[in-house]
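Colleague: I have a structure here, written as structure tokens, and I will follow up with some questions on it.
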Amino acid sequence: MLRLLYLMTLVVCCLPLLPGLGGVLLSAVSYLPVLGLSEPSLEGWRAMQEWPGTHKAIQLTLFTGITASFVAVLFTFLILQSCWGTRFWKRIEQWLSPLLAMPHVAFAIGFALTFAPSGWLFRFITLFTGQEQPYHWSLVQDSNGIGLILALAVKETPFLLLMSLSVLKQMQVDRLLAASQSLGYNRTAAWLKVVFPQWLPKMRFPVYAVIAYGLSVVDVAMILGPTSPTTFAVLVWQWFNDPDLSMLPRAAAGAISLFVLCFGTLLLYRLFEYVLINVWQNWQFSGSKTYSLPGRHLFKLIAILPFMMIPLLLVWSFALRWRFPDIWPTRTSTRFWEQESSHLIELATNSLILGLISATIALIFAVGCLEYRDKYHKSLPQLVIAVPMLIPQLSILFGIQVAIYMLPGQWHVPATIWAHILFAFPYVYLALDGPWKSFDQRLTQTARSLGHSPLKAWWQVKLPIVIPAILLAWAVGLSVSFAQYLPTQLLGAGRITTLTTEAVSLASGQDRRISAVYGLIQAFLPLIFFALALASSRLADPRRRLARHDESRESVNEFVRTKPDYKI
């Protein structure tokens with residue numbers, strides 16, 4: 001069974017990528033016999049280069065993606081060096097899961113309603129300035145992409161903090177800090193000169209994922225990014241939606257260019273990391289031994305900003321009339337909820353079906369691969385984890401879409417489910433990797449030595465211990481599935497609509513009240529599953545059951561001691 005699950009994981013995650021790669025390459029050289037393009041040519045590449053604004057879009061993509069990733073890494077390090085090992089760090093660990101549960105699209109809609117020229121932030125400022133007209137300055141769709149940078153940095157910082165947990169525990173940071181402080185370095189200097197050179201290389205893969213996402217993001221860039229020109233990923237997406245199918249080679253050339261752009265940026269980052277850590281090392285042992293860096297209150301700002309979006313979306317969803325200087329709507333109504341209620345039920349059902357199927361299958365695959373690794377000491381190839389997280393989705397999905405269209409029959413539903421599994425599996429696997437490594441294998445070995453079968457030993461000994469991690473990983477898979485926009489749009493062929501696809505389309509220029517309704521529902525859906533997973537994991541935790549058993553036994557003993565004459 002373990003071998004079968006392992007092979008099925010490889011097939012599901014790797015085999016469909018081959019026709020996808022072939023489809024995008026053939027399309028890029030204008031070889032699409034279905035559309036009457038039977039002679040290979042480079043016309044698509046010429047059309048891409050001649051399109052006005054292509055070079056500006058590439059420059060804007062590099063600026064926003066690299067800057068957002070740098071700011072996210074900087075925020076993560078500042079929070080770690082100021083909060084690790086303190087009481088406040090325990091609160092940070094508790095808040096990471098809810099922060100990660102909020103989809104990017106819901107956060108982007110709330111961000112737009114806050115920082116738009118007539119948003120809530122500027123309404124609050126007018127209380128002190130007396131301004132009666134909306135401001136011209138805005139962080140939403142500004143030409144330099146500052147709002148997009150800030151939103152991506154705030155949203156990716158919790159992910160990097162979560163990935164840093166296992167890294168710092170393996171590094172034994174407390175010992176490093178104690179040894180550094182005994183040599184005269186203060187806490188900040190020890191983090192900067194001792195911990196940082198070891199932490200950054202171990203965080204290479206998560207930083208790769210953040211950079212790749214920042215360069216290739218489409219949904220958030222459509223809501224918050226600049227519009228003339230757009231980022232290169234949004235421009236390629238617009239080319240895909242061109243009604244003239246003969247222009248598909250231009251879109252395919254853009255998809256390949258986006259992949260090359262992303263891969264080249266990752267190589268430059270790897271070179272920068274190598275020079276900073278291994279070549280230019282003077283900063284690690286020279287200079288002052290006393291530094292001071294901010295960061296203690298930075299996480300509060302990063303945590304408050306996403307959760308501030310929920311009440312804002314709630315207010316906007318009921319606002320019927322809300323003129324600019326007013327801090328509160330003058331008239332409220334439930335008209336928009338009543339208007340969209342029937343459609344919301346259908347969209348939520350589609351999102352739940354896709355999420356439950358893909359997250360459950362991804363969870364089964366992840367558990368099977370981890371158990372296969374423990375039994376046969378053969379890890380899953382890193383390529384299976386890296387491809388969905390590091391390669392731009394447009395570059396993968398377009399070729400798969402072309403290959404699916406060449407097949408007879410209707411394949412949009414299984415193709416969409418497969419795409420959700422593909423992108424949810426790496427996050428589920430990484431969420432379970434740490435708990436599986438920390439599990440003491442001697443417990444199941446002891447159970448088997450007492451005569452239990454391997455399956456019974458796993459079911460009765462290991463499962464109760466790792467069930468909290470399994471439930472949390474399942475919630476992570478659901479959250480990733482709920483947030484998928486491009487896989488649903490491209491492979492669903494327009495026949496599968498979810499809360500995310502509708503929220504993105506509505507946020508691109510429709511009524512703010514309706515956008516708030518969809519953003520609010522999309523934000524609450526993963527939060528509900530995270531809350532259920534956390535509550536279920538606490539109830540299923542064997543340590544809590546033992547603690548309750550000990551408390552019950554102690555209460556009975558105390559009752560017997562106080563009332564020795566009581567007869568049962």
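Each chain of the structure tokens is named A, B, ... in the order shown, its residues numbered from 1; ligands are numbered from 1 in display order.
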Env of range 490-499 of chain A: 10 Å cut, atoms = only C-alpha atoms, seq-sep filter 4 positions within chain, self excluded. Answer as a PyMOL selection string.
Modeller: chain A and resi 105-106+237+240-241+343-352+354+394+397-398+400-402+404-405+410-419+482-486+503-504+518-519+521-523+525
Colleague: Leaving out range 376-392 of chain A and any residue of its chain fewer than 4 positions from it, which residues lie within 6 Å of it when counting only C-alpha atoms, given as a count of residues only?
Modeller: 6
Colleague: Neighbours of Leu313 in chain A within 10 Å (only C-alpha atoms; same-chain residues fewer than 4 positions away dropped), as a list in words?
Modeller: Ala106, Phe107, Ile109, Gly110, Phe111, Leu113, Thr114, Met308, Met309, Ser317, Phe318, Ala319, Arg512, Arg513, Ile514, Ser515, Ala516, Val517, Tyr518, Gly519, Leu520, Ile521 and Ala523 of chain A
Colleague: Select from range 139-181 of chain A every residue with an atom at most 12 Å from any atom of range 436-443 of chain A, then for each give the shortest pair of atoms and their distance in Å to one decimal, using only C-alpha atoms, rows by chain and rising number, as a Markdown table.
Modeller:
```
| residue | atom | partner | partner_atom | distance |
| --- | --- | --- | --- | --- |
| A:Ser166 | CA | A:Ser438 | CA | 10.3 |
| A:Lys169 | CA | A:Ser438 | CA | 11.2 |
| A:Gln170 | CA | A:Ser438 | CA | 10.9 |
```
Colleague: With only C-alpha atoms as the counted atoms, please give the residues lying no more than 8 Å from Met102 in chain A, apart from itself and same-chain residues fewer than 3 positions off, as a list in words.
Modeller: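 The contact residues come out as Pro98, Leu99, Ala106, Phe107, Pro306, Ser479, Ala523, Phe524, Pro526 and Leu527 of chain A.
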Colleague: Write a file of the selected residues as an mmCIF file, in the first residue's frame, keeping N, CA and C atoms.
Modeller:
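The file below, result_21.cif, is the result:
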```cif
data_model
loop_
_atom_site.group_PDB
_atom_site.id
_atom_site.type_symbol
_atom_site.label_atom_id
_atom_site.label_comp_id
_atom_site.auth_asym_id
_atom_site.auth_seq_id
_atom_site.Cartn_x
_atom_site.Cartn_y
_atom_site.Cartn_z
ATOM 1 N N PRO A 98 -4.185 31.289 11.970
ATOM 2 C CA PRO A 98 -5.261 32.146 11.446
ATOM 3 C C PRO A 98 -4.786 33.133 10.394
ATOM 4 N N LEU A 99 -3.560 33.647 10.544
ATOM 5 C CA LEU A 99 -3.047 34.585 9.543
ATOM 6 C C LEU A 99 -2.830 33.900 8.209
ATOM 7 N N ALA A 106 -8.994 37.670 -0.461
ATOM 8 C CA ALA A 106 -9.794 38.354 0.557
ATOM 9 C C ALA A 106 -8.988 39.469 1.215
ATOM 10 N N PHE A 107 -7.727 39.194 1.501
ATOM 11 C CA PHE A 107 -6.866 40.235 2.074
ATOM 12 C C PHE A 107 -6.686 41.391 1.098
ATOM 13 N N PRO A 306 -4.327 42.268 8.667
ATOM 14 C CA PRO A 306 -5.272 41.332 8.028
ATOM 15 C C PRO A 306 -6.588 41.195 8.778
ATOM 16 N N SER A 479 -7.226 25.438 2.773
ATOM 17 C CA SER A 479 -6.972 26.866 2.567
ATOM 18 C C SER A 479 -6.281 27.120 1.238
ATOM 19 N N ALA A 523 -12.936 34.854 3.190
ATOM 20 C CA ALA A 523 -12.048 34.916 4.348
ATOM 21 C C ALA A 523 -12.517 34.008 5.469
ATOM 22 N N PHE A 524 -13.839 33.887 5.645
ATOM 23 C CA PHE A 524 -14.363 33.118 6.764
ATOM 24 C C PHE A 524 -14.311 31.617 6.516
ATOM 25 N N PRO A 526 -12.016 29.436 5.140
ATOM 26 C CA PRO A 526 -10.853 28.724 5.680
ATOM 27 C C PRO A 526 -10.683 28.902 7.173
ATOM 28 N N LEU A 527 -11.075 30.075 7.708
ATOM 29 C CA LEU A 527 -10.958 30.281 9.154
ATOM 30 C C LEU A 527 -11.825 29.288 9.922
#
```
Colleague: So which one's closest to Ala366 in chain A, A:Ala57, A:Leu150, A:Leu10, A:Phe77? Using only C-alpha atoms, please.
Modeller: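 Nearest candidate to Ala366 in chain A out of A:Ala57, A:Leu150, A:Leu10, A:Phe77: A:Leu10.
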Colleague: For CA of Ala359 in chain A and CA of Ile421 in chain A, quote the distance in Å rounded to one decimal.
Modeller: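 Separation of CA of Ala359 in chain A and CA of Ile421 in chain A: 6.8 Å.
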Colleague: Pick the closest to Ile364 in chain A from A:Thr86, A:Leu5, A:Thr126, A:Val167: which is it, counting only C-alpha atoms?
Modeller: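 Checking each candidate against Ile364 in chain A, we get A:Leu5 as the closest.
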Colleague: Counting only C-alpha atoms, which of A:Pro249, A:Pro134, A:Gly184, A:Pro226 gets nearest to Leu148 in chain A?
Modeller: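 Looking only at the distances to Leu148 in chain A, the closest residue turns out to be A:Pro226.
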Colleague: So which one's closest to Gly36 in chain A, A:Leu245, A:Ala533, A:Leu121, A:Val480? Using only C-alpha atoms, please.
Modeller: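 For Gly36 in chain A, the nearest of the given residues is A:Leu245.
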Colleague: Just give me the gap between CA of Thr227 in chain A and CA of Glu502 in chain A in Å, one decimal is fine.
Modeller: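 It comes out at 19.6 Å.
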Colleague: Pick from A:Ile146, A:Ile79, A:Val11, A:Leu139: nearest to Thr67 in chain A, with only C-alpha atoms counted?
Modeller: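 The answer is A:Ile146, which sits nearest to Thr67 in chain A.
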Colleague: Find the spatial neighbours of Ile528 in chain A, counting only C-alpha atoms, within a cut-off of 10 Å - ignore same-chain residues fewer than 6 positions away - and output them as number ranges by chain.
Modeller: A: 98, 101, 475, 534
Colleague: Restricting the output to C-alpha atoms, write the selected residues as a PDB file, in the first residue's frame.
Modeller:
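Output saved as again35.pdb:
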```
ATOM      1  CA  PRO A  98      -5.261  32.146  11.446  1.00  0.00           C
ATOM      2  CA  ALA A 101      -5.763  30.872   6.705  1.00  0.00           C
ATOM      3  CA  ALA A 475      -6.894  22.612   7.038  1.00  0.00           C
ATOM      4  CA  LEU A 534      -7.500  23.325  16.138  1.00  0.00           C
TER       5      LEU A 534
END
```
Colleague: Could you find all residues in range 160-306 of chain A that DSSP calls helix (DSSP H, G or I) from the backbone, and write them as a VMD selection string?
Modeller: chain A and resid 160 to 171 173 to 182 187 to 202 204 to 216 219 to 224 232 to 240 245 to 279 282 to 285 298 to 306
Colleague: Neighbours of Ile223 in chain A within 8 Å (only C-alpha atoms; same-chain residues fewer than 4 positions away dropped), as a list in words?
Modeller: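 Returned residues: Ala108, Ile109, Ala112, Val140, Gln141, Asp219, Val504, Ala507 and Ser508 of chain A.
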Colleague: Output N, CA, C and O atoms for every residue in the selection just made, as a PDB file, in the first residue's frame.
Modeller:
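As a result, out_26.pdb now contains:
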```
ATOM      1  N   ALA A 108      -6.532  41.083  -0.191  1.00  0.00           N
ATOM      2  CA  ALA A 108      -6.345  42.135  -1.185  1.00  0.00           C
ATOM      3  C   ALA A 108      -7.587  43.010  -1.307  1.00  0.00           C
ATOM      4  O   ALA A 108      -7.485  44.238  -1.452  1.00  0.00           O
ATOM      5  N   ILE A 109      -8.780  42.404  -1.249  1.00  0.00           N
ATOM      6  CA  ILE A 109     -10.008  43.196  -1.314  1.00  0.00           C
ATOM      7  C   ILE A 109     -10.118  44.113  -0.102  1.00  0.00           C
ATOM      8  O   ILE A 109     -10.436  45.304  -0.231  1.00  0.00           O
ATOM      9  N   ALA A 112      -7.646  46.926  -0.451  1.00  0.00           N
ATOM     10  CA  ALA A 112      -8.100  47.943  -1.398  1.00  0.00           C
ATOM     11  C   ALA A 112      -9.154  48.846  -0.775  1.00  0.00           C
ATOM     12  O   ALA A 112      -9.147  50.074  -0.985  1.00  0.00           O
ATOM     13  N   VAL A 140      -3.478  51.770  -3.841  1.00  0.00           N
ATOM     14  CA  VAL A 140      -4.167  50.776  -4.658  1.00  0.00           C
ATOM     15  C   VAL A 140      -3.967  51.132  -6.127  1.00  0.00           C
ATOM     16  O   VAL A 140      -4.307  52.235  -6.562  1.00  0.00           O
ATOM     17  N   GLN A 141      -3.382  50.199  -6.870  1.00  0.00           N
ATOM     18  CA  GLN A 141      -3.126  50.352  -8.297  1.00  0.00           C
ATOM     19  C   GLN A 141      -2.280  51.588  -8.603  1.00  0.00           C
ATOM     20  O   GLN A 141      -2.479  52.250  -9.627  1.00  0.00           O
ATOM     21  N   ASP A 219      -3.785  37.103  -9.272  1.00  0.00           N
ATOM     22  CA  ASP A 219      -5.030  37.564  -8.660  1.00  0.00           C
ATOM     23  C   ASP A 219      -4.831  38.815  -7.802  1.00  0.00           C
ATOM     24  O   ASP A 219      -5.573  39.795  -7.924  1.00  0.00           O
ATOM     25  N   VAL A 504     -12.282  37.751  -7.498  1.00  0.00           N
ATOM     26  CA  VAL A 504     -11.299  38.465  -8.315  1.00  0.00           C
ATOM     27  C   VAL A 504     -11.986  39.240  -9.430  1.00  0.00           C
ATOM     28  O   VAL A 504     -11.664  40.406  -9.700  1.00  0.00           O
ATOM     29  N   ALA A 507     -13.830  42.228  -7.915  1.00  0.00           N
ATOM     30  CA  ALA A 507     -12.955  43.252  -7.340  1.00  0.00           C
ATOM     31  C   ALA A 507     -12.260  44.081  -8.398  1.00  0.00           C
ATOM     32  O   ALA A 507     -11.608  45.069  -8.071  1.00  0.00           O
ATOM     33  N   SER A 508     -12.379  43.698  -9.652  1.00  0.00           N
ATOM     34  CA  SER A 508     -11.687  44.412 -10.726  1.00  0.00           C
ATOM     35  C   SER A 508     -12.443  45.632 -11.216  1.00  0.00           C
ATOM     36  O   SER A 508     -12.056  46.216 -12.207  1.00  0.00           O
TER      37      SER A 508
END
```
Colleague: To one decimal place in Å, what is the distance between CA of Val279 in chain A and CA of Gly295 in chain A?
Modeller: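 Straight-line distance from CA of Val279 in chain A to CA of Gly295 in chain A works out to 28.0 Å.
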Colleague: Would you please work out which residue, of A:Ile361, A:Leu539, A:Leu258, A:Leu80, is nearest to Leu293 in chain A when using only C-alpha atoms?
Modeller: A:Leu80
